[in-house]
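Text of final.txt (compact mmCIF, C-alpha atoms) as supplied:
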```txt
# COMPACT_ATOMS: atom_id res chain seq x y z
CA MET L 11 -42.41 -276.86 89.87
CA ARG L 12 -41.96 -273.30 88.63
CA ASN L 13 -43.03 -270.34 90.73
CA PRO L 14 -46.68 -269.76 89.71
CA SER L 15 -46.59 -265.97 90.07
CA ARG L 16 -43.39 -265.69 88.04
CA PHE L 17 -44.68 -267.97 85.28
CA LEU L 18 -48.01 -266.14 85.02
CA SER L 19 -46.18 -262.85 84.78
CA ARG L 20 -44.12 -264.14 81.87
CA SER L 21 -47.16 -265.68 80.22
CA ALA L 22 -49.13 -262.45 80.46
CA LEU L 23 -46.22 -260.56 79.00
CA ALA L 24 -46.10 -263.04 76.14
CA LEU L 25 -49.82 -262.62 75.55
CA GLY L 26 -49.11 -258.93 75.22
CA VAL L 27 -47.05 -259.82 72.19
CA ALA L 28 -50.20 -261.11 70.53
CA GLY L 29 -51.93 -257.89 71.48
CA ALA L 30 -49.16 -255.86 69.91
CA LEU L 31 -49.88 -257.52 66.60
CA ALA L 32 -53.37 -256.10 66.60
CA PHE L 33 -52.23 -252.60 67.36
CA ALA L 34 -49.33 -252.75 64.94
CA GLY L 35 -50.87 -254.69 62.11
CA SER L 36 -47.32 -255.52 61.27
CA ALA L 37 -47.57 -259.27 61.06
CA HIS L 38 -48.75 -258.85 57.49
CA ALA L 39 -45.51 -258.20 55.60
CA ALA L 40 -45.68 -256.86 52.04
CA ALA L 41 -49.11 -258.41 51.69
CA PHE L 42 -50.77 -255.46 53.43
CA GLN L 43 -49.14 -252.83 51.19
CA LEU L 44 -51.60 -252.27 48.34
CA LYS L 45 -50.75 -250.88 44.92
CA GLU L 46 -54.23 -251.50 43.58
CA ASN L 47 -55.40 -247.93 42.90
CA SER L 48 -55.86 -248.08 39.10
CA ALA L 49 -57.32 -250.56 36.60
CA LYS L 50 -55.16 -249.07 33.85
CA GLY L 51 -52.05 -249.35 36.01
CA LEU L 52 -52.88 -252.92 37.02
CA GLY L 53 -52.96 -253.95 33.35
CA ARG L 54 -49.25 -253.15 33.01
CA ALA L 55 -48.21 -254.25 36.54
CA PHE L 56 -48.10 -250.59 37.61
CA ALA L 57 -45.15 -249.84 35.36
CA GLY L 58 -45.17 -246.10 34.68
CA SER L 59 -47.28 -245.41 37.77
CA ALA L 60 -45.54 -242.07 38.40
CA SER L 61 -44.79 -241.06 34.81
CA ALA L 62 -47.40 -242.36 32.33
CA PRO L 63 -49.97 -239.81 31.08
CA GLY L 64 -53.71 -240.31 30.97
CA ASP L 65 -54.34 -242.02 34.32
CA ALA L 66 -55.82 -240.00 37.19
CA SER L 67 -54.17 -242.29 39.76
CA ILE L 68 -51.02 -240.23 39.20
CA ILE L 69 -52.63 -237.72 41.61
CA VAL L 70 -51.71 -240.06 44.47
CA ASN L 71 -48.69 -241.79 42.88
CA ASN L 72 -46.89 -238.59 41.82
CA PRO L 73 -48.71 -235.25 42.20
CA GLY L 74 -46.03 -233.62 40.03
CA GLY L 75 -47.29 -235.64 37.08
CA MET L 76 -50.78 -234.14 36.87
CA ARG L 77 -49.82 -232.23 33.71
CA GLY L 78 -50.28 -235.56 31.95
CA LEU L 79 -54.04 -235.36 32.62
CA ASP L 80 -56.34 -233.86 30.00
CA GLY L 81 -58.62 -231.21 31.51
CA ARG L 82 -61.22 -231.55 34.26
CA GLN L 83 -62.09 -235.18 34.99
CA VAL L 84 -63.27 -237.71 37.52
CA GLN L 85 -62.18 -241.34 37.70
CA VAL L 86 -63.54 -244.24 39.74
CA ASP L 87 -61.65 -247.54 40.10
CA LEU L 88 -62.59 -250.81 41.74
CA SER L 89 -60.11 -253.64 42.24
CA VAL L 90 -61.16 -257.05 43.56
CA ILE L 91 -58.41 -259.10 45.18
CA SER L 92 -58.85 -262.86 45.55
CA PHE L 93 -56.26 -264.22 48.00
CA SER L 94 -55.99 -267.86 49.11
CA ALA L 95 -53.84 -269.43 51.84
CA ASP L 96 -54.11 -273.16 52.57
CA PHE L 97 -52.00 -274.58 55.39
CA GLU L 98 -50.51 -278.04 55.78
CA GLY L 99 -48.54 -278.80 58.92
CA THR L 100 -48.53 -279.74 62.58
CA GLY L 101 -48.98 -278.09 65.94
CA GLY L 102 -47.76 -279.00 69.40
CA TYR L 103 -48.13 -277.72 72.93
CA ALA L 104 -45.26 -276.00 74.71
CA GLY L 105 -42.40 -278.35 75.51
CA GLY L 106 -44.42 -281.30 74.24
CA LEU L 107 -46.87 -281.01 77.13
CA GLY L 108 -50.19 -282.50 76.13
CA GLY L 109 -48.92 -283.77 72.79
CA PRO L 110 -50.13 -282.45 69.42
CA ILE L 111 -52.72 -279.69 69.23
CA SER L 112 -56.11 -280.91 68.13
CA GLY L 113 -57.96 -279.35 65.21
CA GLY L 114 -57.80 -279.03 61.46
CA ASN L 115 -55.69 -276.96 59.09
CA GLY L 116 -57.89 -273.89 59.31
CA GLY L 117 -59.52 -273.95 55.89
CA ASP L 118 -58.74 -271.29 53.30
CA ALA L 119 -57.66 -268.27 55.36
CA GLY L 120 -57.88 -265.91 52.41
CA LYS L 121 -60.83 -263.94 51.12
CA VAL L 122 -62.18 -261.89 48.23
CA ALA L 123 -61.89 -258.18 49.02
CA PRO L 124 -62.84 -255.02 47.08
CA VAL L 125 -60.39 -252.10 46.98
CA PRO L 126 -62.00 -248.87 45.71
CA ALA L 127 -60.33 -245.65 44.56
CA ALA L 128 -61.65 -242.30 43.29
CA TYR L 129 -60.02 -239.19 41.79
CA PHE L 130 -60.85 -235.64 40.70
CA HIS L 131 -58.58 -233.34 38.68
CA THR L 132 -58.88 -229.83 37.33
CA PRO L 133 -56.33 -227.45 35.80
CA PHE L 134 -56.51 -223.75 36.63
CA GLY L 135 -54.52 -220.54 36.54
CA GLU L 136 -52.72 -218.88 33.64
CA ASP L 137 -52.48 -221.27 30.69
CA ASP L 138 -53.72 -224.05 33.02
CA ARG L 139 -50.25 -224.43 34.50
CA LEU L 140 -51.61 -225.15 37.96
CA HIS L 141 -53.36 -228.42 38.79
CA PHE L 142 -55.55 -229.46 41.69
CA GLY L 143 -56.41 -233.06 42.49
CA MET L 144 -58.31 -235.07 45.08
CA SER L 145 -57.96 -238.77 45.81
CA LEU L 146 -59.57 -241.45 47.94
CA THR L 147 -57.48 -244.63 48.12
CA ALA L 148 -56.61 -247.63 50.32
CA PRO L 149 -52.79 -247.97 50.37
CA PHE L 150 -52.67 -250.66 53.06
CA GLY L 151 -55.04 -253.49 53.84
CA PHE L 152 -55.27 -257.19 54.49
CA ALA L 153 -57.48 -259.82 56.14
CA THR L 154 -57.16 -263.49 57.03
CA GLU L 155 -59.53 -265.68 59.02
CA TYR L 156 -59.11 -269.33 60.02
CA ASP L 157 -61.52 -271.86 61.48
CA ARG L 158 -61.88 -271.06 65.16
CA ASP L 159 -60.72 -274.54 66.25
CA TRP L 160 -57.73 -275.01 63.91
CA ILE L 161 -54.32 -276.18 65.17
CA GLY L 162 -52.85 -272.69 64.92
CA ARG L 163 -55.69 -271.01 66.84
CA TYR L 164 -53.33 -269.82 69.57
CA ASN L 165 -51.30 -267.95 66.95
CA ALA L 166 -54.15 -266.41 64.97
CA VAL L 167 -57.80 -266.77 64.08
CA LYS L 168 -58.73 -263.39 62.64
CA THR L 169 -56.60 -260.51 61.38
CA GLU L 170 -57.80 -257.34 59.68
CA LEU L 171 -55.95 -254.15 58.79
CA GLU L 172 -57.27 -251.25 56.72
CA ALA L 173 -55.85 -247.82 55.92
CA ILE L 174 -57.91 -245.28 53.96
CA ASP L 175 -56.42 -242.03 52.60
CA LEU L 176 -58.21 -238.83 51.62
CA GLY L 177 -55.72 -236.65 49.73
CA PHE L 178 -55.46 -233.17 48.24
CA ALA L 179 -52.76 -232.43 45.64
CA LEU L 180 -51.39 -229.31 43.93
CA SER L 181 -48.82 -229.05 41.14
CA TYR L 182 -47.19 -226.41 38.91
CA ASP L 183 -45.93 -226.79 35.36
CA VAL L 184 -42.68 -224.84 35.07
CA ASN L 185 -42.78 -225.51 31.34
CA PRO L 186 -43.96 -228.36 29.07
CA TYR L 187 -40.96 -230.44 30.20
CA LEU L 188 -40.81 -229.86 33.95
CA SER L 189 -43.42 -229.90 36.74
CA PHE L 190 -43.47 -230.30 40.50
CA GLY L 191 -46.24 -231.18 42.92
CA ALA L 192 -47.14 -232.09 46.49
CA SER L 193 -50.08 -233.58 48.31
CA VAL L 194 -51.26 -233.97 51.87
CA PHE L 195 -53.51 -236.80 52.98
CA ALA L 196 -55.45 -237.80 56.07
CA GLN L 197 -55.06 -241.52 56.79
CA HIS L 198 -57.43 -243.54 58.95
CA LEU L 199 -55.96 -246.82 60.20
CA SER L 200 -58.06 -249.54 61.83
CA ILE L 201 -56.85 -252.92 63.06
CA GLU L 202 -58.51 -256.00 64.56
CA LEU L 203 -56.95 -259.23 65.76
CA GLY L 204 -58.41 -262.32 67.39
CA ASN L 205 -56.87 -265.57 68.60
CA ALA L 206 -57.44 -268.33 71.12
CA VAL L 207 -55.59 -268.28 74.45
CA ASP L 208 -54.39 -271.53 76.02
CA PHE L 209 -55.13 -270.85 79.69
CA GLY L 210 -54.83 -274.58 80.30
CA SER L 211 -51.11 -274.48 79.47
CA ILE L 212 -50.59 -271.28 81.47
CA LEU L 213 -52.16 -272.70 84.62
CA TYR L 214 -50.76 -276.24 84.21
CA THR L 215 -47.18 -274.97 84.06
CA GLY L 216 -47.91 -272.31 86.68
CA GLY L 217 -48.97 -274.78 89.33
CA GLY L 218 -52.56 -275.53 88.38
CA ALA L 219 -52.10 -279.20 87.49
CA PRO L 220 -53.58 -280.42 90.79
CA LEU L 221 -56.67 -278.34 89.97
CA GLY L 222 -57.16 -280.27 86.73
CA PHE L 223 -55.71 -277.77 84.26
CA ARG L 224 -53.96 -279.28 81.24
CA PRO L 225 -52.77 -277.89 77.90
CA GLY L 226 -55.78 -277.29 75.67
CA ASN L 227 -58.52 -277.93 78.25
CA ALA L 228 -59.20 -274.28 79.21
CA ASP L 229 -59.20 -272.33 75.96
CA GLY L 230 -60.23 -268.71 76.00
CA PHE L 231 -60.21 -266.02 73.34
CA THR L 232 -58.93 -262.51 72.93
CA THR L 233 -59.98 -259.79 70.49
CA ILE L 234 -58.13 -256.50 70.20
CA LYS L 235 -59.23 -253.51 68.14
CA GLY L 236 -57.57 -250.16 67.55
CA SER L 237 -57.78 -247.15 65.24
CA ASN L 238 -56.35 -243.69 64.61
CA THR L 239 -56.27 -240.91 62.01
CA ASP L 240 -53.10 -239.02 61.15
CA ILE L 241 -51.52 -236.94 58.38
CA GLY L 242 -48.95 -237.78 55.68
CA TRP L 243 -47.63 -236.16 52.52
CA THR L 244 -46.24 -236.91 49.08
CA VAL L 245 -43.91 -234.85 46.88
CA GLY L 246 -42.97 -235.53 43.28
CA GLY L 247 -41.79 -234.26 39.95
CA LEU L 248 -42.18 -235.14 36.29
CA PHE L 249 -39.20 -234.57 34.00
CA SER L 250 -39.70 -234.89 30.25
CA ILE L 251 -36.50 -235.41 28.29
CA THR L 252 -38.50 -235.15 25.08
CA GLU L 253 -42.20 -234.99 24.28
CA ASN L 254 -42.22 -238.80 24.28
CA THR L 255 -39.91 -239.63 27.20
CA HIS L 256 -40.91 -238.96 30.81
CA ILE L 257 -39.24 -239.68 34.13
CA GLY L 258 -41.26 -239.48 37.33
CA LEU L 259 -39.86 -239.31 40.85
CA SER L 260 -42.02 -239.34 43.99
CA TYR L 261 -41.60 -239.77 47.73
CA ARG L 262 -44.45 -240.73 50.04
CA SER L 263 -43.87 -240.01 53.72
CA LYS L 264 -44.20 -242.44 56.57
CA VAL L 265 -47.28 -241.98 58.75
CA GLU L 266 -46.98 -242.35 62.50
CA HIS L 267 -50.16 -243.48 64.23
CA ASP L 268 -50.73 -243.21 67.98
CA ILE L 269 -53.24 -246.02 68.20
CA ASP L 270 -55.96 -246.13 70.86
CA GLY L 271 -57.65 -249.48 71.22
CA ASP L 272 -59.42 -252.01 73.42
CA ALA L 273 -58.57 -255.58 74.40
CA TYR L 274 -61.28 -258.10 75.25
CA PHE L 275 -60.55 -261.40 77.04
CA ASP L 276 -62.98 -264.32 77.14
CA VAL L 277 -61.66 -266.46 80.01
CA PRO L 278 -63.29 -269.74 81.19
CA ASP L 279 -64.85 -269.28 84.62
CA ASP L 280 -62.67 -271.89 86.37
CA ALA L 281 -59.50 -270.38 84.92
CA ALA L 282 -60.61 -266.83 85.71
CA SER L 283 -61.05 -267.62 89.40
CA VAL L 284 -57.48 -268.92 89.70
CA LEU L 285 -55.96 -266.12 87.62
CA GLY L 286 -57.79 -263.54 89.73
CA GLN L 287 -56.12 -264.84 92.87
CA VAL L 288 -52.59 -265.22 91.55
CA ARG L 289 -52.39 -262.15 89.31
CA PRO L 290 -55.30 -259.75 89.79
CA GLY L 291 -55.94 -257.30 86.99
CA TRP L 292 -54.50 -259.52 84.25
CA PHE L 293 -56.49 -260.94 81.30
CA ILE L 294 -59.35 -258.48 81.81
CA ASP L 295 -60.99 -256.18 79.30
CA THR L 296 -58.88 -253.04 79.04
CA ASP L 297 -57.76 -250.25 76.78
CA GLY L 298 -54.28 -249.82 75.34
CA GLN L 299 -52.04 -247.62 73.26
CA ALA L 300 -49.23 -248.18 70.77
CA THR L 301 -47.33 -246.15 68.20
CA VAL L 302 -47.50 -247.70 64.73
CA THR L 303 -45.58 -246.29 61.78
CA LEU L 304 -46.60 -247.15 58.22
CA PRO L 305 -43.56 -246.95 55.96
CA ALA L 306 -42.29 -244.36 53.51
CA VAL L 307 -42.04 -245.24 49.79
CA LEU L 308 -39.66 -243.88 47.12
CA THR L 309 -40.61 -244.45 43.47
CA VAL L 310 -38.73 -243.88 40.20
CA SER L 311 -40.84 -244.26 37.05
CA PHE L 312 -40.15 -244.20 33.30
CA THR L 313 -42.37 -243.90 30.22
CA HIS L 314 -41.32 -243.73 26.55
CA ALA L 315 -43.58 -243.63 23.48
CA PHE L 316 -41.80 -245.14 20.49
CA ASN L 317 -44.54 -243.98 18.12
CA ASP L 318 -48.30 -243.44 18.03
CA ARG L 319 -48.92 -247.10 18.84
CA TRP L 320 -46.20 -248.48 21.16
CA SER L 321 -45.21 -247.25 24.62
CA LEU L 322 -42.83 -248.75 27.16
CA MET L 323 -43.08 -248.19 30.93
CA ALA L 324 -41.04 -249.20 33.97
CA ASP L 325 -41.22 -248.68 37.74
CA LEU L 326 -38.86 -249.20 40.65
CA SER L 327 -39.92 -248.49 44.23
CA ARG L 328 -38.37 -249.03 47.63
CA THR L 329 -40.47 -249.36 50.80
CA ALA L 330 -38.72 -248.33 54.02
CA TRP L 331 -40.04 -250.95 56.45
CA LYS L 332 -36.81 -250.70 58.42
CA PRO L 333 -36.69 -249.11 61.02
CA ALA L 334 -40.46 -248.45 60.99
CA PHE L 335 -41.18 -252.08 61.88
CA ASP L 336 -38.16 -253.06 63.91
CA SER L 337 -40.31 -253.08 67.04
CA VAL L 338 -43.56 -251.81 68.56
CA THR L 339 -44.26 -251.15 72.24
CA VAL L 340 -47.78 -251.70 73.59
CA ASP L 341 -48.92 -249.96 76.78
CA TYR L 342 -51.93 -251.64 78.41
CA GLY L 343 -54.39 -249.80 80.61
CA SER L 344 -54.61 -252.75 83.02
CA ASN L 345 -51.93 -254.26 85.27
CA GLN L 346 -50.44 -256.18 82.33
CA ALA L 347 -46.87 -255.18 81.61
CA ASP L 348 -45.88 -253.22 78.51
CA THR L 349 -44.72 -255.36 75.62
CA VAL L 350 -41.90 -254.73 73.16
CA LEU L 351 -42.42 -256.78 70.01
CA GLU L 352 -39.48 -257.28 67.66
CA PHE L 353 -40.46 -257.60 63.99
CA GLY L 354 -37.15 -257.52 62.14
CA TYR L 355 -38.64 -256.28 58.85
CA ASP L 356 -36.28 -255.45 56.00
CA ASP L 357 -36.76 -252.82 53.30
CA SER L 358 -38.42 -254.26 50.19
CA THR L 359 -38.25 -253.55 46.45
CA PHE L 360 -40.95 -253.60 43.78
CA GLY L 361 -39.95 -253.52 40.11
CA SER L 362 -42.10 -253.74 36.98
CA ILE L 363 -42.03 -253.31 33.23
CA GLY L 364 -45.00 -252.92 30.90
CA VAL L 365 -46.13 -251.99 27.40
CA ASP L 366 -49.15 -250.31 25.82
CA TYR L 367 -50.24 -250.96 22.24
CA ARG L 368 -52.80 -248.66 20.66
CA VAL L 369 -54.83 -250.84 18.33
CA SER L 370 -57.07 -247.97 17.22
CA ASP L 371 -58.39 -244.63 18.41
CA ARG L 372 -60.86 -246.52 20.58
CA LEU L 373 -58.89 -249.56 21.79
CA THR L 374 -55.57 -249.94 23.61
CA VAL L 375 -54.21 -253.20 24.99
CA ARG L 376 -51.39 -253.61 27.51
CA GLY L 377 -49.38 -256.07 29.56
CA GLY L 378 -46.73 -256.15 32.26
CA LEU L 379 -44.45 -258.16 34.53
CA ALA L 380 -43.41 -257.38 38.10
CA TYR L 381 -41.25 -258.61 40.96
CA ASP L 382 -42.66 -257.88 44.43
CA GLU L 383 -40.26 -258.59 47.29
CA THR L 384 -41.49 -259.42 50.79
CA PRO L 385 -39.84 -257.76 53.81
CA THR L 386 -40.29 -260.92 55.91
CA SER L 387 -38.08 -263.96 56.22
CA TYR L 388 -38.51 -267.52 57.46
CA GLN L 389 -37.25 -266.45 60.89
CA HIS L 390 -40.01 -263.83 61.28
CA ARG L 391 -42.91 -265.12 59.18
CA ASP L 392 -46.09 -266.10 61.03
CA VAL L 393 -49.55 -267.40 60.20
CA ARG L 394 -51.37 -264.08 60.34
CA VAL L 395 -50.18 -263.29 56.83
CA PRO L 396 -48.14 -266.09 55.25
CA ASP L 397 -46.39 -263.76 52.84
CA GLN L 398 -43.77 -264.58 50.23
CA THR L 399 -42.08 -262.75 47.36
CA ARG L 400 -44.42 -262.63 44.36
CA LYS L 401 -44.13 -262.42 40.59
CA TRP L 402 -46.86 -260.66 38.60
CA LEU L 403 -48.29 -261.32 35.15
CA SER L 404 -50.67 -258.56 34.08
CA LEU L 405 -52.97 -257.82 31.14
CA GLY L 406 -55.41 -255.01 30.43
CA LEU L 407 -57.25 -252.88 27.91
CA THR L 408 -58.77 -249.44 27.44
CA TRP L 409 -61.92 -248.69 25.45
CA THR L 410 -62.61 -245.05 24.59
CA PRO L 411 -66.08 -244.70 23.03
CA SER L 412 -65.90 -240.89 22.98
CA GLU L 413 -63.60 -237.97 23.74
CA THR L 414 -65.10 -237.63 27.21
CA LEU L 415 -65.53 -241.26 28.32
CA GLU L 416 -63.00 -244.03 28.90
CA TYR L 417 -63.31 -247.55 30.34
CA ASN L 418 -60.41 -249.68 31.63
CA VAL L 419 -60.07 -253.30 32.68
CA GLY L 420 -56.97 -254.90 34.22
CA TYR L 421 -56.08 -258.38 35.45
CA THR L 422 -53.09 -259.76 37.35
CA HIS L 423 -52.16 -263.27 38.39
CA LEU L 424 -49.68 -263.64 41.25
CA PHE L 425 -47.16 -266.47 41.27
CA VAL L 426 -46.14 -267.19 44.87
CA ASN L 427 -43.79 -269.80 46.29
CA ASP L 428 -44.92 -271.82 49.32
CA ALA L 429 -44.64 -269.80 52.52
CA ASN L 430 -42.91 -271.93 55.16
CA VAL L 431 -43.56 -271.11 58.81
CA ASP L 432 -42.18 -272.26 62.15
CA THR L 433 -43.64 -270.06 64.83
CA THR L 434 -44.81 -270.18 68.42
CA SER L 435 -47.79 -268.55 70.08
CA ALA L 436 -47.69 -266.28 73.12
CA THR L 437 -48.04 -269.43 75.27
CA ALA L 438 -45.19 -271.12 73.36
CA ASN L 439 -47.44 -273.50 71.39
CA ARG L 440 -45.65 -274.29 68.14
CA VAL L 441 -46.97 -274.44 64.57
CA ARG L 442 -44.82 -275.75 61.71
CA GLY L 443 -45.72 -276.22 58.08
CA ALA L 444 -46.21 -274.46 54.75
CA PHE L 445 -48.88 -272.40 53.05
CA ASP L 446 -49.99 -272.84 49.46
CA VAL L 447 -50.57 -269.18 48.61
CA GLY L 448 -52.24 -267.77 45.50
CA GLY L 449 -53.74 -264.55 44.28
CA ASP L 450 -55.66 -262.95 41.42
CA ILE L 451 -56.66 -259.32 40.95
CA LEU L 452 -59.35 -257.96 38.64
CA ALA L 453 -59.98 -254.22 38.27
CA ALA L 454 -62.22 -251.91 36.27
CA SER L 455 -62.51 -248.14 36.01
CA VAL L 456 -64.40 -245.36 34.31
CA ASN L 457 -62.97 -241.91 33.52
CA TYR L 458 -65.21 -238.99 32.57
CA LYS L 459 -63.95 -235.60 31.29
CA PHE L 460 -66.20 -232.58 31.54
```
How does this structure look as structure tokens?
Amino acid sequence: MRNPSRFLSRSALALGVAGALAFAGSAHAAAFQLKENSAKGLGRAFAGSASAPGDASIIVNNPGGMRGLDGRQVQVDLSVISFSADFEGTGGYAGGLGGPISGGNGGDAGKVAPVPAAYFHTPFGEDDRLHFGMSLTAPFGFATEYDRDWIGRYNAVKTELEAIDLGFALSYDVNPYLSFGASVFAQHLSIELGNAVDFGSILYTGGGAPLGFRPGNADGFTTIKGSNTDIGWTVGGLFSITENTHIGLSYRSKVEHDIDGDAYFDVPDDAASVLGQVRPGWFIDTDGQATVTLPAVLTVSFTHAFNDRWSLMADLSRTAWKPAFDSVTVDYGSNQADTVLEFGYDDSTFGSIGVDYRVSDRLTVRGGLAYDETPTSYQHRDVRVPDQTRKWLSLGLTWTPSETLEYNVGYTHLFVNDANVDTTSATANRVRGAFDVGGDILAASVNYKF
């Protein structure tokens, strides 16, 4: 029989790994990086996001491109993301102890979530060569929730991450062909994670078998929440080779969050009495801290108008997940040991191409294709966000009933391969299988010039 104190120490340290996920929010892969800040941009798969004129979202995508906006204006966007994730697979207790894990496949872990955005722009100064912009966007966010008694409950039940940015941008037009800009934004990050804890397995292997503890017969639950607000910045430029050809370049900084949070443990009474004797101060409600870094993004964007009707756009961006998500260390306020969680994320690439066709002075239609690479791999993927590389098919339109009012609608369907997983929980319970993942995005916006 293993030494009970030594095993409980290792088990508590492993449970800290699950806690680190809540503070880091990093089990979500590319799925928690959101591009959905514009209905017009969505309609062409965000091609031209940092170079195309006439879309106020350029305030956040490339502040140097605000010279492409016509006068004082406000714009409000709302995107609705429908994400589905259905699991098929098996689960087993650590080392085969207790056989297969009971429970179902968790139901559809996805959800329908709104993603709002809002912008304000005004030119000022001599010849309106200076531009000021404000933005409210959600650049990161994701949520999954499984049935509480599913076979992967020790890996995850609930996961939520949300980042909201309030930004202020300023740009200067050197001439009609060259402009530069910068913005600063305050970002609020909040994270919540919940999962079951198999105290039966912990105590059975740690010497509690004579007391009647077995894998799966003393389930508890843990919920960890954390939040922080910090500052980031974006710089960019817009370079016009001709009046009809524009190249945008922007760099968004990483944002380092020193997260403060709380961990809550729901432990069965019989298990709590034994744990309190062997390892006092473990698995109790406590606070905690961790440093979480959301990644930097570099974007190159291209827009060319062939004539009054046809325009071609393209985008290429690189997200610097590595080394931001190589590892995260969680420091607990209780006796539980610090945890270093290795993520192994790789940098990821997003590329898109799109077209606009101006049917009339009032109506424009558009479409686009995109390739969205995930930073995860089979070795690191887990059930919190079963992410895979996605392909986008996008359509959209603009209706302009007057010189001051514009409406936009965009739609994207995501084609995603099955996301295979083979992962273990903090108590070494194993889940193997595949997710059938799907997604659709619908967005609408209104722009008013005054």
Interface rows for stretch 73-101 of chain L against stretch 383-405 of chain L: nearest pair, Å to one decimal, 10 Å, only C-alpha atoms, as JSON lines:
```
{"residue": "L:Ala95", "atom": "CA", "partner": "L:Pro396", "partner_atom": "CA", "distance": 7.4}
{"residue": "L:Asp96", "atom": "CA", "partner": "L:Pro396", "partner_atom": "CA", "distance": 9.6}
{"residue": "L:Phe97", "atom": "CA", "partner": "L:Val393", "partner_atom": "CA", "distance": 9.0}
```
Atoms to include: C-alpha atoms. Write the selected residues as a PDB file, in the coordinates of the input.
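As written to disk, part-v3.pdb reads:
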```
ATOM      1  CA  ALA L  95     -53.840-269.430  51.840  1.00  0.00           C
ATOM      2  CA  ASP L  96     -54.110-273.160  52.570  1.00  0.00           C
ATOM      3  CA  PHE L  97     -52.000-274.580  55.390  1.00  0.00           C
TER       4      PHE L  97
END
```
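With only C-alpha atoms as the atoms that count, the residue of L:Ile363, L:Leu188, L:Leu304, L:Val207 with the shortest distance to L:Asp159 is L:Val207.
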Near L:Pro333, counting only C-alpha atoms, which residues have an atom at most 10 Å away, once you skip same-chain residues fewer than 4 positions from it, shown as a CSV table (one decimal) with C-alpha atoms, in the frame of the given file?
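This is the output file around.csv:
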```csv
chain,number,residue,atom,x,y,z
L,303,THR,CA,-45.6,-246.3,61.8
L,305,PRO,CA,-43.6,-247.0,56.0
L,337,SER,CA,-40.3,-253.1,67.0
L,353,PHE,CA,-40.5,-257.6,64.0
L,354,GLY,CA,-37.2,-257.5,62.1
L,355,TYR,CA,-38.6,-256.3,58.8
L,356,ASP,CA,-36.3,-255.4,56.0
L,357,ASP,CA,-36.8,-252.8,53.3
```
Best match for closeness to L:Phe130 among L:Phe178, L:Ile161, L:Glu172, L:Gly343, counting all atoms listed in the file: L:Phe178
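The spacing separating atom CA of L:Val90 from atom CA of L:Val365 amounts to 22.6 Å.
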As number ranges by chain, please: the residues near L:Gly420 (cut-off 6 Å, only C-alpha atoms, same-chain neighbours under 3 positions excluded). L: 49, 52-53, 405-406, 452-453
Excluding L:Gly222 and any residue of its chain fewer than 5 positions from it, enumerate the residues within 10 Å of it, using all atoms listed in the file, and give them as a list in words. Gly210, Leu213, Tyr214, Asn227 and Ala228 of chain L
Spatial neighbours of L:Ala196, max dist 6 Å, only C-alpha atoms, sep filter under 5 positions, as a VMD selection string: chain L and resid 175 to 176 240 to 241
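Ranking L:Gly191, L:Gly378, L:Gly143, L:Gly51 by their shortest atom-to-atom distance to L:Ala128, with all atoms listed in the file included, puts L:Gly143 first.
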List the neighbours of L:Ser321 out to 8 Å using all atoms listed in the file; skip same-chain residues closer than 5 positions along the sequence, and give me the result as a ChimeraX atom specification. /L:313-316,365-367
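Residue nearest L:His423 within the list L:Gly217, L:Ile269, L:Val447, L:Val284: L:Val447 [criterion: smallest interatomic distance, all atoms listed in the file].
In this model, the gap between atom CA of L:Val302 and atom CA of L:Thr239 comes to 11.4 Å.
Taking atom CA of L:Thr154 and atom CA of L:Ala281 as the two end points, the separation is 28.8 Å.
Among the candidates L:Ala300, L:Phe293, L:Arg82, L:Gly236, the one nearest to L:Gly271 when counting only C-alpha atoms is L:Gly236.
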Would you list the residues near (-52.7, -272.5, 66.3), meaning any protein, DNA or RNA residue with an atom at most 12 Å from that point in file coordinates, counting only C-alpha atoms, as a PyMOL selection string? chain L and resi 97+99-104+110-116+156-168+204-208+226+229+392-394+431-443
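When all atoms listed in the file are used to compute distances to L:Asp279, the closest of the residues L:Trp292, L:Phe209, L:Phe195, L:Phe312 turns out to be L:Phe209.
At a cut-off of 7 Å from (-47.7, -236.0, 38.2), the residue set is Ala60, Ser61, Ile68, Ile69, Asn72, Pro73, Gly74, Gly75, Met76, Arg77, Gly78, Gly191, Gly246, Gly247 and Leu248 of chain L (counting only C-alpha atoms).
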